[in-house]
file entry-v4.txt (compact mmCIF, C-alpha atoms)
# COMPACT_ATOMS: atom_id res chain seq x y z
CA MET A 1 78.22 339.56 -48.46
CA PRO A 2 81.50 339.78 -50.39
CA ASP A 3 81.69 342.03 -53.40
CA SER A 4 80.90 340.41 -56.70
CA VAL A 5 83.74 339.84 -59.14
CA PRO A 6 83.72 342.55 -61.84
CA SER A 7 83.09 341.40 -65.36
CA PRO A 8 85.69 341.95 -68.13
CA LYS A 9 83.46 344.70 -69.58
CA ASP A 10 83.43 346.58 -66.28
CA GLU A 11 87.20 346.21 -65.94
CA LEU A 12 87.69 347.58 -69.46
CA GLY A 13 85.50 350.54 -68.60
CA MET A 14 87.55 351.21 -65.46
CA LEU A 15 90.79 351.10 -67.47
CA LYS A 16 89.37 353.67 -69.92
CA ASN A 17 88.74 356.09 -67.07
CA LEU A 18 92.29 355.76 -65.68
CA PRO A 19 94.93 358.36 -66.38
CA VAL A 20 97.60 357.45 -68.90
CA ASP A 21 100.46 357.36 -66.38
CA GLU A 22 98.56 355.08 -63.99
CA LEU A 23 97.59 352.84 -66.91
CA LEU A 24 101.26 352.62 -67.95
CA ASN A 25 102.28 351.83 -64.35
CA ARG A 26 99.76 348.99 -64.22
CA MET A 27 100.92 347.61 -67.55
CA ILE A 28 104.58 347.75 -66.50
CA SER A 29 103.76 346.16 -63.14
CA GLY A 30 101.83 343.38 -64.87
CA MET A 31 104.64 342.75 -67.35
CA VAL A 32 107.21 342.62 -64.53
CA THR A 33 105.02 340.20 -62.57
CA LEU A 34 104.54 338.08 -65.68
CA ALA A 35 108.28 338.06 -66.37
CA ILE A 36 109.04 337.06 -62.78
CA ASN A 37 106.43 334.28 -62.83
CA LEU A 38 107.67 333.12 -66.21
CA THR A 39 111.25 333.02 -64.93
CA ILE A 40 110.20 331.09 -61.83
CA ALA A 41 108.15 328.69 -63.98
CA ILE A 42 111.13 328.04 -66.28
CA VAL A 43 113.43 327.45 -63.31
CA VAL A 44 110.89 325.16 -61.65
CA PHE A 45 110.41 323.25 -64.92
CA TYR A 46 114.11 322.54 -65.41
CA VAL A 47 114.67 321.74 -61.72
CA GLY A 48 111.66 319.43 -61.79
CA LYS A 49 112.90 317.83 -64.99
CA PHE A 50 116.26 317.17 -63.30
CA ILE A 51 114.52 315.65 -60.25
CA ILE A 52 112.30 313.50 -62.50
CA GLY A 53 115.40 312.18 -64.26
CA LYS A 54 116.97 311.24 -60.93
CA LEU A 55 113.77 309.53 -59.73
CA TYR A 56 113.44 307.72 -63.05
CA ASN A 57 116.99 306.37 -62.83
CA MET A 58 116.47 305.35 -59.19
CA VAL A 59 113.31 303.39 -60.04
CA ARG A 60 115.08 301.79 -63.00
CA ARG A 61 118.03 300.69 -60.83
CA ILE A 62 115.67 299.27 -58.22
CA MET A 63 113.90 297.22 -60.87
CA LEU A 64 117.18 296.00 -62.31
CA GLN A 65 118.35 295.09 -58.81
CA ARG A 66 115.19 293.09 -58.17
CA SER A 67 115.23 291.51 -61.66
CA VAL A 68 111.74 292.76 -62.52
CA ASP A 69 110.37 291.44 -65.80
CA SER A 70 111.40 293.65 -68.72
CA SER A 71 107.85 294.16 -69.99
CA LEU A 72 106.64 295.29 -66.56
CA ALA A 73 109.72 297.47 -66.01
CA THR A 74 109.24 299.29 -69.33
CA PHE A 75 105.57 299.99 -68.63
CA VAL A 76 106.13 301.12 -65.04
CA LEU A 77 109.01 303.41 -66.01
CA SER A 78 106.94 305.02 -68.75
CA PHE A 79 103.98 305.40 -66.40
CA VAL A 80 106.17 306.99 -63.70
CA ARG A 81 107.68 309.43 -66.18
CA ILE A 82 104.26 310.47 -67.54
CA VAL A 83 102.75 310.98 -64.09
CA LEU A 84 105.72 313.01 -62.84
CA PHE A 85 105.75 315.23 -65.92
CA PHE A 86 102.00 315.76 -65.61
CA ILE A 87 102.43 316.91 -62.00
CA LEU A 88 105.29 319.19 -63.05
CA ILE A 89 103.23 320.79 -65.83
CA VAL A 90 100.34 321.42 -63.46
CA ILE A 91 102.71 323.12 -61.02
CA VAL A 92 104.22 325.28 -63.77
CA ILE A 93 100.77 326.31 -65.02
CA GLY A 94 99.79 327.27 -61.48
CA ILE A 95 102.92 329.43 -61.13
CA LEU A 96 101.98 331.28 -64.33
CA GLY A 97 98.67 332.22 -62.74
CA ILE A 98 96.44 329.98 -64.84
CA GLU A 99 93.55 328.36 -62.99
CA THR A 100 94.19 324.59 -62.79
CA SER A 101 91.12 323.39 -60.86
CA SER A 102 88.93 323.09 -63.95
CA PHE A 103 91.77 321.40 -65.86
CA LEU A 104 92.21 318.83 -63.09
CA ALA A 105 88.45 318.25 -62.91
CA ILE A 106 88.29 317.56 -66.65
CA PHE A 107 91.27 315.19 -66.41
CA ALA A 108 89.74 313.35 -63.45
CA SER A 109 86.40 312.98 -65.24
CA ALA A 110 88.13 311.65 -68.34
CA GLY A 111 90.11 309.21 -66.18
CA VAL A 112 86.92 307.91 -64.53
CA ALA A 113 85.20 307.48 -67.89
CA ILE A 114 88.19 305.64 -69.38
CA GLY A 115 88.49 303.47 -66.27
CA MET A 116 84.83 302.44 -66.45
CA ALA A 117 85.11 301.66 -70.17
CA LEU A 118 88.26 299.58 -69.65
CA SER A 119 87.40 297.98 -66.31
CA GLY A 120 88.13 294.45 -67.53
CA THR A 121 91.36 295.48 -69.20
CA LEU A 122 92.50 297.34 -66.10
CA GLN A 123 91.73 294.29 -63.98
CA ASN A 124 93.92 292.19 -66.26
CA PHE A 125 96.64 294.83 -66.10
CA ALA A 126 96.55 294.89 -62.28
CA GLY A 127 96.66 291.09 -62.28
CA GLY A 128 99.68 291.12 -64.61
CA VAL A 129 101.51 293.55 -62.34
CA LEU A 130 100.84 291.35 -59.30
CA ILE A 131 101.96 288.21 -61.14
CA LEU A 132 105.19 289.81 -62.38
CA LEU A 133 105.96 291.20 -58.91
CA LEU A 134 104.90 288.30 -56.66
CA LYS A 135 105.87 285.58 -59.21
CA PRO A 136 103.48 282.74 -58.25
CA TYR A 137 104.80 281.09 -61.40
CA LYS A 138 107.49 281.82 -63.96
CA VAL A 139 108.25 280.99 -67.56
CA GLY A 140 108.88 277.26 -67.89
CA ASP A 141 106.64 276.20 -64.98
CA TYR A 142 103.89 273.66 -65.54
CA ILE A 143 100.68 275.12 -64.08
CA GLU A 144 97.01 274.27 -63.95
CA ALA A 145 94.52 277.15 -63.77
CA GLN A 146 91.18 278.30 -65.20
CA GLY A 147 90.47 274.78 -66.47
CA TYR A 148 93.72 274.54 -68.49
CA ALA A 149 97.07 272.91 -67.83
CA GLY A 150 100.35 273.52 -69.61
CA THR A 151 103.82 275.03 -69.55
CA VAL A 152 104.08 278.80 -69.15
CA LYS A 153 105.54 280.28 -72.33
CA GLU A 154 105.01 284.03 -71.85
CA ILE A 155 103.88 286.33 -69.04
CA GLN A 156 102.59 289.60 -70.51
CA ILE A 157 101.02 292.61 -68.84
CA PHE A 158 97.46 291.62 -69.74
CA HIS A 159 97.62 287.85 -70.27
CA THR A 160 99.66 284.69 -69.79
CA VAL A 161 100.37 282.21 -72.58
CA ILE A 162 100.63 278.52 -71.69
CA VAL A 163 101.35 275.62 -74.03
CA THR A 164 99.48 272.36 -73.42
CA PRO A 165 101.21 268.96 -73.75
CA ASP A 166 99.64 268.57 -77.22
CA ASN A 167 101.20 271.93 -78.25
CA LYS A 168 98.13 274.17 -78.06
CA ALA A 169 98.76 277.80 -77.10
CA ILE A 170 96.22 278.96 -74.50
CA ILE A 171 95.94 282.69 -73.71
CA ILE A 172 94.56 283.29 -70.20
CA PRO A 173 93.74 286.82 -68.89
CA ASN A 174 95.81 287.77 -65.88
CA GLY A 175 92.81 289.04 -63.91
CA GLY A 176 91.51 285.55 -63.23
CA LEU A 177 94.99 284.14 -62.67
CA SER A 178 95.78 286.74 -59.97
CA THR A 179 92.53 286.19 -58.06
CA GLY A 180 91.92 282.47 -58.66
CA SER A 181 93.67 279.27 -57.66
CA VAL A 182 96.79 278.27 -59.57
CA ASN A 183 98.30 274.80 -59.22
CA ASN A 184 102.03 275.17 -59.91
CA TRP A 185 103.38 271.66 -60.45
CA SER A 186 106.96 272.94 -60.89
CA ARG A 187 107.25 275.07 -57.75
CA GLU A 188 108.49 272.26 -55.48
CA ASP A 189 111.60 270.33 -56.47
CA TYR A 190 110.25 266.96 -55.21
CA ARG A 191 106.89 265.27 -55.78
CA ARG A 192 105.19 262.07 -54.73
CA VAL A 193 104.38 259.45 -57.37
CA ASP A 194 101.29 257.27 -56.84
CA TRP A 195 100.43 253.94 -58.49
CA THR A 196 97.38 251.73 -58.15
CA ILE A 197 98.23 248.06 -58.75
CA GLY A 198 95.55 245.36 -58.82
CA ILE A 199 96.26 241.70 -57.97
CA SER A 200 93.95 238.73 -58.01
CA TYR A 201 92.02 237.61 -54.96
CA GLY A 202 93.73 234.79 -53.08
CA GLU A 203 97.31 235.93 -53.84
CA ASP A 204 99.79 236.80 -51.11
CA ILE A 205 99.72 240.53 -50.38
CA LYS A 206 103.15 240.40 -48.69
CA THR A 207 104.74 238.89 -51.81
CA ALA A 208 103.12 241.55 -54.00
CA ARG A 209 104.24 244.30 -51.61
CA ASP A 210 107.84 243.07 -51.52
CA THR A 211 107.93 242.77 -55.32
CA ILE A 212 106.65 246.29 -55.91
CA LEU A 213 108.93 247.79 -53.26
CA ASP A 214 111.95 246.05 -54.78
CA ILE A 215 111.13 247.54 -58.20
CA ILE A 216 110.65 251.05 -56.79
CA ARG A 217 113.80 250.96 -54.67
CA SER A 218 115.89 249.69 -57.56
CA ASP A 219 115.14 252.86 -59.51
CA PRO A 220 117.97 255.33 -58.72
CA ARG A 221 115.69 258.32 -59.21
CA THR A 222 113.45 257.53 -56.23
CA VAL A 223 114.10 258.86 -52.72
CA LYS A 224 115.26 256.07 -50.44
CA ARG A 225 114.29 257.77 -47.16
CA TYR A 226 114.94 261.51 -46.71
CA ILE A 227 114.70 264.23 -49.34
CA GLU A 228 117.56 266.14 -47.72
CA ASP A 229 119.87 263.13 -48.04
CA ASP A 230 118.79 262.57 -51.64
CA ARG A 231 119.62 266.21 -52.46
CA HIS A 232 123.04 265.83 -50.88
CA GLU A 233 123.81 262.57 -52.70
CA ARG A 234 122.85 264.02 -56.08
CA GLY A 235 124.56 267.35 -55.49
CA PHE A 236 121.40 269.47 -55.76
CA ALA A 237 121.08 272.65 -53.73
CA ALA A 238 117.97 273.23 -51.67
CA PRO A 239 115.69 275.83 -53.27
CA GLU A 240 115.37 279.20 -51.55
CA ALA A 241 111.98 280.80 -52.06
CA SER A 242 113.27 284.23 -51.01
CA SER A 243 116.51 284.15 -52.99
CA GLU A 244 117.31 287.15 -55.16
CA PRO A 245 119.92 287.49 -57.88
CA GLY A 246 122.78 289.79 -57.30
CA THR A 247 123.07 289.28 -53.55
CA ASP A 248 126.59 287.90 -53.57
CA ASP A 249 128.68 290.95 -52.74
CA ALA A 250 131.92 288.99 -52.97
CA LEU A 251 131.56 288.81 -56.74
CA GLU A 252 130.61 292.48 -57.17
CA PRO A 253 133.02 295.43 -57.35
CA GLU A 254 132.98 297.98 -54.56
CA PRO A 255 130.11 300.36 -55.40
CA LYS A 256 130.19 304.11 -55.02
CA ARG A 257 128.92 305.52 -51.75
CA THR A 258 125.65 306.88 -53.09
CA LEU A 259 122.33 306.99 -51.27
CA PHE A 260 120.85 304.33 -53.54
CA ASN A 261 123.82 301.97 -53.11
CA ILE A 262 123.71 302.38 -49.33
CA PHE A 263 119.99 301.56 -49.38
CA SER A 264 120.57 298.52 -51.64
CA SER A 265 123.41 297.29 -49.42
CA LYS A 266 121.22 297.51 -46.33
CA ARG A 267 118.43 295.66 -48.14
CA ARG A 268 120.81 292.86 -49.18
CA GLN A 269 122.07 292.53 -45.62
CA ILE A 270 118.49 292.21 -44.35
CA HIS A 271 117.78 289.60 -47.02
CA ARG A 272 120.86 287.57 -46.07
CA ARG A 273 119.93 287.66 -42.40
CA ASN A 274 116.38 286.52 -43.18
CA ALA A 275 117.64 283.71 -45.45
CA GLU A 276 120.10 282.56 -42.80
CA ARG A 277 117.39 282.64 -40.15
CA GLN A 278 115.11 280.60 -42.43
CA ARG A 279 117.85 277.99 -43.02
CA LYS A 280 118.48 277.65 -39.28
CA THR A 281 114.75 277.23 -38.63
CA GLU A 282 114.46 274.53 -41.30
CA ALA A 283 117.52 272.74 -39.86
CA LEU A 284 115.76 272.47 -36.49
CA LEU A 285 112.70 270.82 -38.01
CA PRO A 286 112.67 266.99 -37.95
CA LYS A 287 113.22 265.15 -41.22
CA VAL A 288 110.15 263.56 -42.77
CA ASP A 289 110.45 259.93 -43.80
CA ARG A 290 109.77 259.68 -47.54
CA SER A 291 110.53 255.97 -47.95
CA PRO A 292 108.59 254.10 -50.65
CA SER A 293 105.50 252.36 -49.34
CA VAL A 294 102.89 249.88 -50.55
CA VAL A 295 99.59 249.55 -48.67
CA LEU A 296 96.27 247.85 -49.23
CA GLY A 297 94.11 250.49 -50.86
CA ASN A 298 90.81 248.91 -51.78
CA LEU A 299 88.97 245.60 -52.13
CA ALA A 300 87.48 246.12 -55.56
CA ASP A 301 84.97 243.93 -57.40
CA SER A 302 87.56 241.96 -59.35
CA ALA A 303 90.90 242.87 -57.77
CA VAL A 304 92.76 243.63 -54.58
CA GLU A 305 94.11 247.15 -55.17
CA LEU A 306 97.47 248.11 -53.70
CA LYS A 307 98.53 251.77 -53.39
CA ALA A 308 102.23 252.31 -54.08
CA ARG A 309 103.93 255.61 -53.30
CA ALA A 310 107.41 257.00 -53.81
CA TRP A 311 109.09 260.40 -53.94
CA THR A 312 111.26 261.73 -56.76
CA ARG A 313 112.42 264.99 -58.29
CA THR A 314 109.73 266.92 -60.13
CA SER A 315 111.72 266.74 -63.36
CA ASP A 316 111.80 262.91 -63.10
CA TYR A 317 108.11 262.48 -62.21
CA TRP A 318 106.71 261.10 -65.46
CA GLY A 319 109.82 259.06 -66.22
CA VAL A 320 109.65 257.32 -62.85
CA TYR A 321 105.89 256.81 -63.15
CA HIS A 322 105.99 255.10 -66.54
CA ASP A 323 109.22 253.14 -66.01
CA VAL A 324 108.15 251.68 -62.68
CA LEU A 325 104.71 250.84 -64.03
CA GLU A 326 106.29 249.00 -66.98
CA ALA A 327 108.73 247.19 -64.68
CA ILE A 328 105.87 245.99 -62.47
CA TYR A 329 103.99 244.67 -65.49
CA ASN A 330 107.07 242.84 -66.79
CA ARG A 331 107.85 241.34 -63.37
CA VAL A 332 104.30 240.10 -62.79
CA ASN A 333 104.01 238.63 -66.30
CA ALA A 334 107.46 237.00 -66.17
CA PRO A 335 107.56 233.17 -66.36
CA GLY A 336 107.32 231.57 -62.94
CA SER A 337 105.83 234.67 -61.27
CA SER A 338 103.53 233.89 -58.35
CA LEU A 339 101.47 237.00 -59.05
CA SER A 340 98.93 237.75 -61.75
CA PHE A 341 96.79 240.63 -62.84
CA PRO A 342 93.05 240.07 -62.48
CA PHE A 343 90.42 240.46 -65.16
CA PRO A 344 86.86 241.62 -64.66
CA GLN A 345 84.78 238.66 -63.58
CA LEU A 346 81.05 238.10 -63.62
CA ASP A 347 79.29 235.08 -62.15
CA VAL A 348 76.16 234.07 -64.05
CA HIS A 349 73.70 231.66 -62.42
CA LEU A 350 71.13 230.01 -64.69
CA SER A 351 67.98 228.58 -63.21
CA ASN A 352 66.00 225.68 -64.77
CA PRO A 353 62.32 226.61 -64.91
CA ASP A 354 61.39 222.91 -64.87
CA ASN A 355 62.96 222.40 -61.42
CA LYS A 356 61.00 224.68 -59.16
call {"tool": "encode", "arguments": {"input": "entry-v4.txt", "output": "structure tokens"}}
result
Amino acid sequence: MPDSVPSPKDELGMLKNLPVDELLNRMISGMVTLAINLTIAIVVFYVGKFIIGKLYNMVRRIMLQRSVDSSLATFVLSFVRIVLFFILIVIVIGILGIETSSFLAIFASAGVAIGMALSGTLQNFAGGVLILLLKPYKVGDYIEAQGYAGTVKEIQIFHTVIVTPDNKAIIIPNGGLSTGSVNNWSREDYRRVDWTIGISYGEDIKTARDTILDIIRSDPRTVKRYIEDDRHERGFAAPEASSEPGTDDALEPEPKRTLFNIFSSKRRQIHRRNAERQRKTEALLPKVDRSPSVVLGNLADSAVELKARAWTRTSDYWGVYHDVLEAIYNRVNAPGSSLSFPFPQLDVHLSNPDNK
């Protein structure tokens, strides 16, 4: 079995029995070793501090290049700095000869305890990081999630603030938003508008269909056939889901030949190639006919229901919906119109008890 470690009392007794010259030699040797370790620790600390500064600036430039949200960037940069300095201090303490295993064990235990106490908060934080990085929605989008619908006003680390159409501010934790379903009504630039129009039984469906189609087609905001042609006619650019700001090198000055700039240039080239490949793939796909249509939807109790559909830009959705609906009402109720809106009808049959 290995020899047991001598206690401090035994070591003190051994030092008392040593000659004075040997005791002085040990003290001088220990002081020299301590001075050397202290010098190495100081050098390592300043070199590590210099490296941490470089890494900090590199992470900051990457976040600026990728237009990361300012709140997330500030938190991540602070977190990176704290973690790197903690690692550096542990290394310096180890160089000085201080035992670090117990210190790390205490820190790990404290981290576990804090993590268990703040499990919900940490889940919201992780959700906020994912939302700010992946960007399933952005400020200004109209979303529907967690039983609420409204326009996104703020995206914070722990929660998202949306404003409902009646101007109520709803604060939703990011944990549920990152793991649940989110309906982003503003993500696509075109949407389909649906109407349900009821006409009386016995009226000509073809006449009603032609009338509704004429109203829809007369609205300049509706797509006549293809979305791509409508974009071109209005001068709108097709959205690019993978677009990133700052990728136009023609507008940027020639950067210095640093390792980070070389890496960023390569990344931008890869992004441009992927975007070009995506555009070519979409150009090969056949166009989808988005012409307005009116079909027989349902034979209801008191009306023949027609389903009308048309496509328009997302920003024009509600305007087109209400304007077309009003135009249909005015056309049907106009003098001389061959169409009419039905009313609920109920046939009542009375029986005479005397005539059995």
call {"tool": "residues_near_point", "arguments": {"input": "entry-v4.txt", "point": "(98.9, 327.6, -61.0)", "cutoff": "12 Å", "atoms": "all atoms listed in the file", "output": "list in words"}}
result
Asn37, Leu38, Ile40, Ala41, Ile87, Leu88, Ile89, Val90, Ile91, Val92, Ile93, Gly94, Ile95, Leu96, Gly97, Ile98, Glu99, Thr100, Ser101, Ser102, Phe103 and Leu104 of chain A
call {"tool": "residues_around", "arguments": {"input": "entry-v4.txt", "residues": "Phe125 in chain A", "least_positions_apart": "2", "cutoff": "6 Å", "atoms": "all atoms listed in the file", "output": "list of chain:residue names"}}
result
A:Leu122, A:Gln123, A:Gly127, A:Gly128, A:Ile157, A:Phe158
call {"tool": "closest_residue", "arguments": {"input": "entry-v4.txt", "among": "A:Glu326, A:Asp347, A:Glu233, A:Glu144", "to": "Arg187 in chain A", "atoms": "all atoms listed in the file"}}
result
A:Glu144
call {"tool": "closest_residue", "arguments": {"input": "entry-v4.txt", "among": "A:Ser291, A:Trp185, A:Arg60, A:Tyr148", "to": "Ala169 in chain A", "atoms": "all atoms listed in the file"}}
result
A:Tyr148
call {"tool": "closest_residue", "arguments": {"input": "entry-v4.txt", "among": "A:Leu296, A:Val223, A:Val182, A:Ile155", "to": "Pro136 in chain A", "atoms": "all atoms listed in the file"}}
result
A:Val182
call {"tool": "atom_distance", "arguments": {"input": "entry-v4.txt", "atom1": "CA of His322 in chain A", "atom2": "CA of Ile215 in chain A"}}
result
12.4 Å
call {"tool": "closest_residue", "arguments": {"input": "entry-v4.txt", "among": "A:Asn25, A:Thr211, A:Thr196, A:Ser337", "to": "Tyr321 in chain A", "atoms": "only C-alpha atoms"}}
result
A:Thr196
